[in-house]
Amino acid sequence: MRLFQERGYDRTTMRAIAKEAGVSVGNAYYYFAGKEHLIQGFYDRLAAEHRAAITELLERETGLEARLAGVLRIWLDVATPYHEFAVQFFKNAADPDSPLSPFSPESEHAREEAVNVHREVLAGSKAKVPEELRQVLPELMWLSQMGLVLYWIFDRTEGRERSYRLAERGARLTARGVALARFRVLRPLVHEVHELFTDFLPGMTKALPDPARKQPQGPADPDE
C-alpha cells in the first residue's frame, strides 16, 4: 500500500513490491498472481476494519435510517486514508475485466462481506420488512453504497463533506423506500429494480439470486 501510494498503482511493479517485502519475486507470485490480486487483500482489510468499526453502532441503534447512515459514514471514515490511492487505481477498477472491479469473481469474497453488513443493518432494525424482500434489499443497499463510493472518489470538497451529506440523505431515502415497501402494491417495483441490476450489471448474476426464481406468496397484508 505504501508503494502504491508513493509511486502510483501503474508504476508499482511486483518486483518492487517483492524487494520491499524482502522476498523473492517468485515467492511473491506464489501467493499473488499479480499486483491486481494484492488489491483483493486491501479490499478484505478495508472490509475487516469497517466491520470492527460499526459493531458498537449496530448494537446501539435500531432505526434503519440511523443504522444505514452510520454504516456509510463509518465506511467513509475508514476509507479516508486511502482516498488518493483509490483515485489512482479507479481506472483499473472500472474495467469490467479487471480483478480490481468490485463485480469481478476475484472480488466476490469482499462483495459478499459488504452485502452481509447490509443484511445485518436490515435484520437488526425495527423496520417492518416483507419476507420476500429480505434477500433483495441488502443487495440493492450495497449497490447504492457503490454509488456513494464512486461519488467519494471524485469528491474534492474539504474533508469529502459532500460525500458525508450524500450518505445521510441516501440513508434517509432508503429508509423511506423500505417503509413504503410494506405495501404490497409497491413490491413489484423493488423486484423490478433488483432484476434490472441483476440482468445488466457485470458480475451481479453470480452475486445475486436468480431473479427468475419464483417468490413465495405470503398471506395477504392488512395494508394492501
# chains A, B, ... in the order shown; residues from 1 in each chain; ligands from 1

call {"tool": "select_by_dssp", "arguments": {"residues": "stretch 1-215 of chain A", "states": "helix (DSSP H, G or I)", "output": "PyMOL selection string"}}
result
chain A and resi 2-7+14-21+25-31+35-60+64-93+105-123+131-133+136-154+158-180+184-200+204-207

call {"tool": "residues_around", "arguments": {"residues": "A:Arg176", "least_positions_apart": "6", "cutoff": "10 Å", "atoms": "only C-alpha atoms", "output": "ChimeraX atom specification"}}
result
/A:64-65,170

call {"tool": "write_last_selection", "arguments": {"atoms": "all heavy atoms", "output": "short mmCIF file (atom, residue, chain, number, x, y, z; two decimals), in the first residue's frame"}}
result
data_model
loop_
_atom_site.label_atom_id
_atom_site.label_comp_id
_atom_site.auth_asym_id
_atom_site.auth_seq_id
_atom_site.Cartn_x
_atom_site.Cartn_y
_atom_site.Cartn_z
N LEU A 64 -33.66 2.06 11.13
CA LEU A 64 -33.00 1.71 9.88
C LEU A 64 -32.19 2.88 9.33
O LEU A 64 -31.04 2.70 8.90
CB LEU A 64 -34.02 1.25 8.84
CG LEU A 64 -33.45 0.87 7.46
CD1 LEU A 64 -32.40 -0.23 7.59
CD2 LEU A 64 -34.57 0.45 6.51
N GLU A 65 -32.74 4.07 9.34
CA GLU A 65 -32.02 5.22 8.81
C GLU A 65 -30.74 5.47 9.60
O GLU A 65 -29.67 5.70 9.02
CB GLU A 65 -32.90 6.47 8.84
CG GLU A 65 -32.20 7.70 8.29
CD GLU A 65 -33.07 8.95 8.31
OE1 GLU A 65 -34.31 8.82 8.38
OE2 GLU A 65 -32.50 10.07 8.25
N GLY A 170 -28.94 9.67 1.38
CA GLY A 170 -29.21 8.36 0.79
C GLY A 170 -29.82 7.40 1.79
O GLY A 170 -30.74 6.64 1.46
#

call {"tool": "closest_residue", "arguments": {"among": "A:Pro99, A:Ile153, A:Val136, A:Phe4", "to": "A:Ala33", "atoms": "only C-alpha atoms"}}
result
A:Pro99

call {"tool": "atom_distance", "arguments": {"atom1": "atom CA of A:Ser98", "atom2": "atom CA of A:Ala52"}}
result
28.3 Å

call {"tool": "atom_distance", "arguments": {"atom1": "atom CA of A:Ser104", "atom2": "atom CA of A:His37"}}
result
11.3 Å

call {"tool": "closest_residue", "arguments": {"among": "A:Ile54, A:Met141, A:Ile74, A:Leu38", "to": "A:Met1", "atoms": "only C-alpha atoms"}}
result
A:Leu38

call {"tool": "residues_around", "arguments": {"residues": "A:Phe85", "least_positions_apart": "2", "cutoff": "9 Å", "atoms": "only C-alpha atoms", "output": "list in words"}}
result
Met1, Phe4, Gln5, Gly8, Tyr9, Pro81, Tyr82, His83, Val87, Gln88, Phe89 and Phe90 of chain A

call {"tool": "write_last_selection", "arguments": {"atoms": "N, CA, C and O atoms", "output": "mmCIF file, in the first residue's frame"}}
result
data_model
loop_
_atom_site.group_PDB
_atom_site.id
_atom_site.type_symbol
_atom_site.label_atom_id
_atom_site.label_comp_id
_atom_site.auth_asym_id
_atom_site.auth_seq_id
_atom_site.Cartn_x
_atom_site.Cartn_y
_atom_site.Cartn_z
ATOM 1 N N MET A 1 0.832 -1.193 0.000
ATOM 2 C CA MET A 1 0.000 0.000 0.000
ATOM 3 C C MET A 1 0.875 1.254 0.000
ATOM 4 O O MET A 1 0.568 2.234 -0.684
ATOM 5 N N PHE A 4 2.203 1.724 -3.528
ATOM 6 C CA PHE A 4 1.131 2.184 -4.406
ATOM 7 C C PHE A 4 0.879 3.671 -4.204
ATOM 8 O O PHE A 4 0.655 4.417 -5.165
ATOM 9 N N GLN A 5 0.877 4.094 -2.940
ATOM 10 C CA GLN A 5 0.584 5.489 -2.639
ATOM 11 C C GLN A 5 1.742 6.400 -3.037
ATOM 12 O O GLN A 5 1.539 7.528 -3.479
ATOM 13 N N GLY A 8 2.283 5.409 -7.239
ATOM 14 C CA GLY A 8 1.117 5.240 -8.094
ATOM 15 C C GLY A 8 0.934 3.775 -8.426
ATOM 16 O O GLY A 8 1.914 3.009 -8.482
ATOM 17 N N TYR A 9 -0.297 3.383 -8.629
ATOM 18 C CA TYR A 9 -0.588 1.964 -8.870
ATOM 19 C C TYR A 9 0.093 1.453 -10.140
ATOM 20 O O TYR A 9 0.741 0.396 -10.137
ATOM 21 N N PRO A 81 -8.002 7.457 4.662
ATOM 22 C CA PRO A 81 -6.552 7.434 4.375
ATOM 23 C C PRO A 81 -6.209 6.922 2.976
ATOM 24 O O PRO A 81 -5.086 7.126 2.507
ATOM 25 N N TYR A 82 -7.149 6.258 2.321
ATOM 26 C CA TYR A 82 -6.866 5.634 1.035
ATOM 27 C C TYR A 82 -7.481 6.385 -0.143
ATOM 28 O O TYR A 82 -7.524 5.862 -1.258
ATOM 29 N N HIS A 83 -7.941 7.617 0.100
ATOM 30 C CA HIS A 83 -8.680 8.304 -0.945
ATOM 31 C C HIS A 83 -7.832 8.524 -2.198
ATOM 32 O O HIS A 83 -8.270 8.205 -3.321
ATOM 33 N N VAL A 87 -8.287 6.999 -6.061
ATOM 34 C CA VAL A 87 -8.360 7.811 -7.278
ATOM 35 C C VAL A 87 -7.406 7.260 -8.331
ATOM 36 O O VAL A 87 -7.739 7.167 -9.517
ATOM 37 N N GLN A 88 -6.200 6.850 -7.904
ATOM 38 C CA GLN A 88 -5.192 6.357 -8.835
ATOM 39 C C GLN A 88 -5.615 5.080 -9.545
ATOM 40 O O GLN A 88 -5.421 4.930 -10.745
ATOM 41 N N PHE A 89 -6.167 4.133 -8.782
ATOM 42 C CA PHE A 89 -6.441 2.845 -9.424
ATOM 43 C C PHE A 89 -7.889 2.691 -9.873
ATOM 44 O O PHE A 89 -8.278 1.638 -10.359
ATOM 45 N N PHE A 90 -8.664 3.788 -9.785
ATOM 46 C CA PHE A 90 -10.063 3.692 -10.191
ATOM 47 C C PHE A 90 -10.206 3.273 -11.644
ATOM 48 O O PHE A 90 -11.071 2.479 -11.994
#

call {"tool": "atom_distance", "arguments": {"atom1": "atom CA of A:Gly147", "atom2": "atom CA of A:Ala167"}}
result
10.0 Å

call {"tool": "residues_around", "arguments": {"residues": "A:Gly41", "least_positions_apart": "3", "cutoff": "12 Å", "atoms": "only C-alpha atoms", "output": "list in words"}}
result
Met1, Tyr31, Phe32, Gly34, Lys35, Glu36, His37, Leu38, Asp44, Arg45, Leu46, Ala47, Ala48, Pro99, Leu100, Glu106, Ser107, His109 and Ala110 of chain A

call {"tool": "write_last_selection", "arguments": {"atoms": "N, CA, C and O atoms", "output": "PDB file, in the first residue's frame"}}
result
ATOM      1  N   MET A   1       0.832  -1.193   0.000  1.00  0.00           N
ATOM      2  CA  MET A   1       0.000   0.000   0.000  1.00  0.00           C
ATOM      3  C   MET A   1       0.875   1.254   0.000  1.00  0.00           C
ATOM      4  O   MET A   1       0.568   2.234  -0.684  1.00  0.00           O
ATOM      5  N   TYR A  31       2.096 -16.466  -3.968  1.00  0.00           N
ATOM      6  CA  TYR A  31       0.910 -16.112  -3.170  1.00  0.00           C
ATOM      7  C   TYR A  31      -0.069 -15.210  -3.913  1.00  0.00           C
ATOM      8  O   TYR A  31      -1.265 -15.220  -3.638  1.00  0.00           O
ATOM      9  N   PHE A  32       0.459 -14.405  -4.845  1.00  0.00           N
ATOM     10  CA  PHE A  32      -0.399 -13.465  -5.568  1.00  0.00           C
ATOM     11  C   PHE A  32      -0.068 -13.533  -7.057  1.00  0.00           C
ATOM     12  O   PHE A  32       1.085 -13.367  -7.444  1.00  0.00           O
ATOM     13  N   GLY A  34      -0.616 -11.500  -9.312  1.00  0.00           N
ATOM     14  CA  GLY A  34      -0.205 -10.203  -9.829  1.00  0.00           C
ATOM     15  C   GLY A  34      -0.566  -9.129  -8.831  1.00  0.00           C
ATOM     16  O   GLY A  34      -1.227  -9.393  -7.824  1.00  0.00           O
ATOM     17  N   LYS A  35      -0.160  -7.899  -9.123  1.00  0.00           N
ATOM     18  CA  LYS A  35      -0.438  -6.835  -8.154  1.00  0.00           C
ATOM     19  C   LYS A  35      -1.934  -6.560  -8.038  1.00  0.00           C
ATOM     20  O   LYS A  35      -2.410  -6.075  -7.011  1.00  0.00           O
ATOM     21  N   GLU A  36      -2.684  -6.906  -9.112  1.00  0.00           N
ATOM     22  CA  GLU A  36      -4.138  -6.744  -9.020  1.00  0.00           C
ATOM     23  C   GLU A  36      -4.702  -7.581  -7.869  1.00  0.00           C
ATOM     24  O   GLU A  36      -5.642  -7.165  -7.188  1.00  0.00           O
ATOM     25  N   HIS A  37      -4.120  -8.757  -7.660  1.00  0.00           N
ATOM     26  CA  HIS A  37      -4.628  -9.636  -6.620  1.00  0.00           C
ATOM     27  C   HIS A  37      -4.209  -9.179  -5.226  1.00  0.00           C
ATOM     28  O   HIS A  37      -4.837  -9.543  -4.232  1.00  0.00           O
ATOM     29  N   LEU A  38      -3.152  -8.370  -5.170  1.00  0.00           N
ATOM     30  CA  LEU A  38      -2.804  -7.764  -3.883  1.00  0.00           C
ATOM     31  C   LEU A  38      -3.920  -6.829  -3.417  1.00  0.00           C
ATOM     32  O   LEU A  38      -4.153  -6.673  -2.217  1.00  0.00           O
ATOM     33  N   ASP A  44     -10.199  -6.803   1.455  1.00  0.00           N
ATOM     34  CA  ASP A  44     -10.547  -7.599   2.634  1.00  0.00           C
ATOM     35  C   ASP A  44     -10.178  -6.872   3.921  1.00  0.00           C
ATOM     36  O   ASP A  44     -10.902  -6.921   4.909  1.00  0.00           O
ATOM     37  N   ARG A  45      -9.030  -6.210   3.906  1.00  0.00           N
ATOM     38  CA  ARG A  45      -8.609  -5.483   5.105  1.00  0.00           C
ATOM     39  C   ARG A  45      -9.545  -4.309   5.385  1.00  0.00           C
ATOM     40  O   ARG A  45      -9.933  -4.057   6.533  1.00  0.00           O
ATOM     41  N   LEU A  46      -9.919  -3.595   4.328  1.00  0.00           N
ATOM     42  CA  LEU A  46     -10.845  -2.477   4.488  1.00  0.00           C
ATOM     43  C   LEU A  46     -12.183  -2.967   5.027  1.00  0.00           C
ATOM     44  O   LEU A  46     -12.782  -2.341   5.914  1.00  0.00           O
ATOM     45  N   ALA A  47     -12.650  -4.111   4.520  1.00  0.00           N
ATOM     46  CA  ALA A  47     -13.918  -4.673   4.988  1.00  0.00           C
ATOM     47  C   ALA A  47     -13.822  -5.069   6.463  1.00  0.00           C
ATOM     48  O   ALA A  47     -14.767  -4.861   7.239  1.00  0.00           O
ATOM     49  N   ALA A  48     -12.676  -5.644   6.860  1.00  0.00           N
ATOM     50  CA  ALA A  48     -12.494  -6.050   8.256  1.00  0.00           C
ATOM     51  C   ALA A  48     -12.448  -4.830   9.182  1.00  0.00           C
ATOM     52  O   ALA A  48     -13.037  -4.843  10.278  1.00  0.00           O
ATOM     53  N   PRO A  99      -9.498  -7.770 -12.257  1.00  0.00           N
ATOM     54  CA  PRO A  99      -9.755  -8.335 -10.929  1.00  0.00           C
ATOM     55  C   PRO A  99     -10.065  -7.262  -9.886  1.00  0.00           C
ATOM     56  O   PRO A  99     -10.614  -7.566  -8.830  1.00  0.00           O
ATOM     57  N   LEU A 100      -9.705  -5.997 -10.189  1.00  0.00           N
ATOM     58  CA  LEU A 100      -9.972  -4.914  -9.259  1.00  0.00           C
ATOM     59  C   LEU A 100     -11.434  -4.494  -9.243  1.00  0.00           C
ATOM     60  O   LEU A 100     -11.869  -3.826  -8.311  1.00  0.00           O
ATOM     61  N   GLU A 106     -12.920 -12.308  -8.598  1.00  0.00           N
ATOM     62  CA  GLU A 106     -11.892 -12.188  -7.568  1.00  0.00           C
ATOM     63  C   GLU A 106     -12.369 -11.361  -6.381  1.00  0.00           C
ATOM     64  O   GLU A 106     -11.869 -11.522  -5.264  1.00  0.00           O
ATOM     65  N   SER A 107     -13.325 -10.467  -6.612  1.00  0.00           N
ATOM     66  CA  SER A 107     -13.834  -9.593  -5.550  1.00  0.00           C
ATOM     67  C   SER A 107     -15.044 -10.184  -4.841  1.00  0.00           C
ATOM     68  O   SER A 107     -15.643  -9.521  -3.989  1.00  0.00           O
ATOM     69  N   HIS A 109     -15.513 -12.396  -2.513  1.00  0.00           N
ATOM     70  CA  HIS A 109     -15.485 -12.504  -1.059  1.00  0.00           C
ATOM     71  C   HIS A 109     -15.745 -11.148  -0.402  1.00  0.00           C
ATOM     72  O   HIS A 109     -16.592 -11.038   0.503  1.00  0.00           O
ATOM     73  N   ALA A 110     -15.040 -10.117  -0.851  1.00  0.00           N
ATOM     74  CA  ALA A 110     -15.236  -8.780  -0.292  1.00  0.00           C
ATOM     75  C   ALA A 110     -16.643  -8.268  -0.573  1.00  0.00           C
ATOM     76  O   ALA A 110     -17.264  -7.612   0.272  1.00  0.00           O
TER      77      ALA A 110
END

call {"tool": "closest_residue", "arguments": {"among": "A:Lys19, A:His191, A:Arg73, A:His50", "to": "A:Glu132", "atoms": "only C-alpha atoms"}}
result
A:His191

call {"tool": "residues_around", "arguments": {"residues": "A:Ala181", "least_positions_apart": "6", "cutoff": "10 Å", "atoms": "only C-alpha atoms", "output": "ChimeraX atom specification"}}
result
/A:128-130,133,175,187-190

call {"tool": "decode", "arguments": {"residues": "stretch 146-162 of chain A", "atoms": "N, CA and C atoms", "output": "compact mmCIF listing (two decimals), in the first residue's frame"}}
result
# COMPACT_ATOMS: atom_id res chain seq x y z
N MET A 146 -22.12 1.41 -3.48
CA MET A 146 -21.16 1.52 -4.56
C MET A 146 -21.30 2.86 -5.29
N GLY A 147 -22.52 3.35 -5.39
CA GLY A 147 -22.72 4.68 -5.96
C GLY A 147 -22.08 5.75 -5.10
N LEU A 148 -22.19 5.59 -3.78
CA LEU A 148 -21.54 6.52 -2.85
C LEU A 148 -20.02 6.47 -3.00
N VAL A 149 -19.47 5.27 -3.14
CA VAL A 149 -18.03 5.11 -3.30
C VAL A 149 -17.55 5.83 -4.57
N LEU A 150 -18.30 5.66 -5.64
CA LEU A 150 -17.94 6.33 -6.89
C LEU A 150 -17.94 7.84 -6.71
N TYR A 151 -18.95 8.36 -6.04
CA TYR A 151 -19.02 9.80 -5.80
C TYR A 151 -17.84 10.25 -4.94
N TRP A 152 -17.53 9.45 -3.90
CA TRP A 152 -16.43 9.77 -2.98
C TRP A 152 -15.10 9.85 -3.71
N ILE A 153 -14.88 8.98 -4.69
CA ILE A 153 -13.63 9.00 -5.45
C ILE A 153 -13.45 10.35 -6.15
N PHE A 154 -14.52 10.92 -6.67
CA PHE A 154 -14.43 12.18 -7.41
C PHE A 154 -14.65 13.40 -6.52
N ASP A 155 -14.98 13.19 -5.26
CA ASP A 155 -15.30 14.29 -4.35
C ASP A 155 -14.02 15.05 -3.98
N ARG A 156 -14.00 16.35 -4.25
CA ARG A 156 -12.85 17.19 -3.92
C ARG A 156 -13.20 18.24 -2.87
N THR A 157 -14.34 18.11 -2.22
CA THR A 157 -14.70 19.06 -1.17
C THR A 157 -13.86 18.80 0.07
N GLU A 158 -13.71 19.81 0.90
CA GLU A 158 -12.92 19.70 2.12
C GLU A 158 -13.46 18.59 3.02
N GLY A 159 -12.58 17.65 3.35
CA GLY A 159 -12.99 16.54 4.20
C GLY A 159 -14.03 15.64 3.55
N ARG A 160 -14.17 15.69 2.22
CA ARG A 160 -15.19 14.92 1.48
C ARG A 160 -16.58 15.20 2.08
N GLU A 161 -16.81 16.47 2.40
CA GLU A 161 -18.05 16.85 3.09
C GLU A 161 -19.30 16.47 2.31
N ARG A 162 -19.25 16.61 0.99
CA ARG A 162 -20.44 16.28 0.20
C ARG A 162 -20.71 14.78 0.20
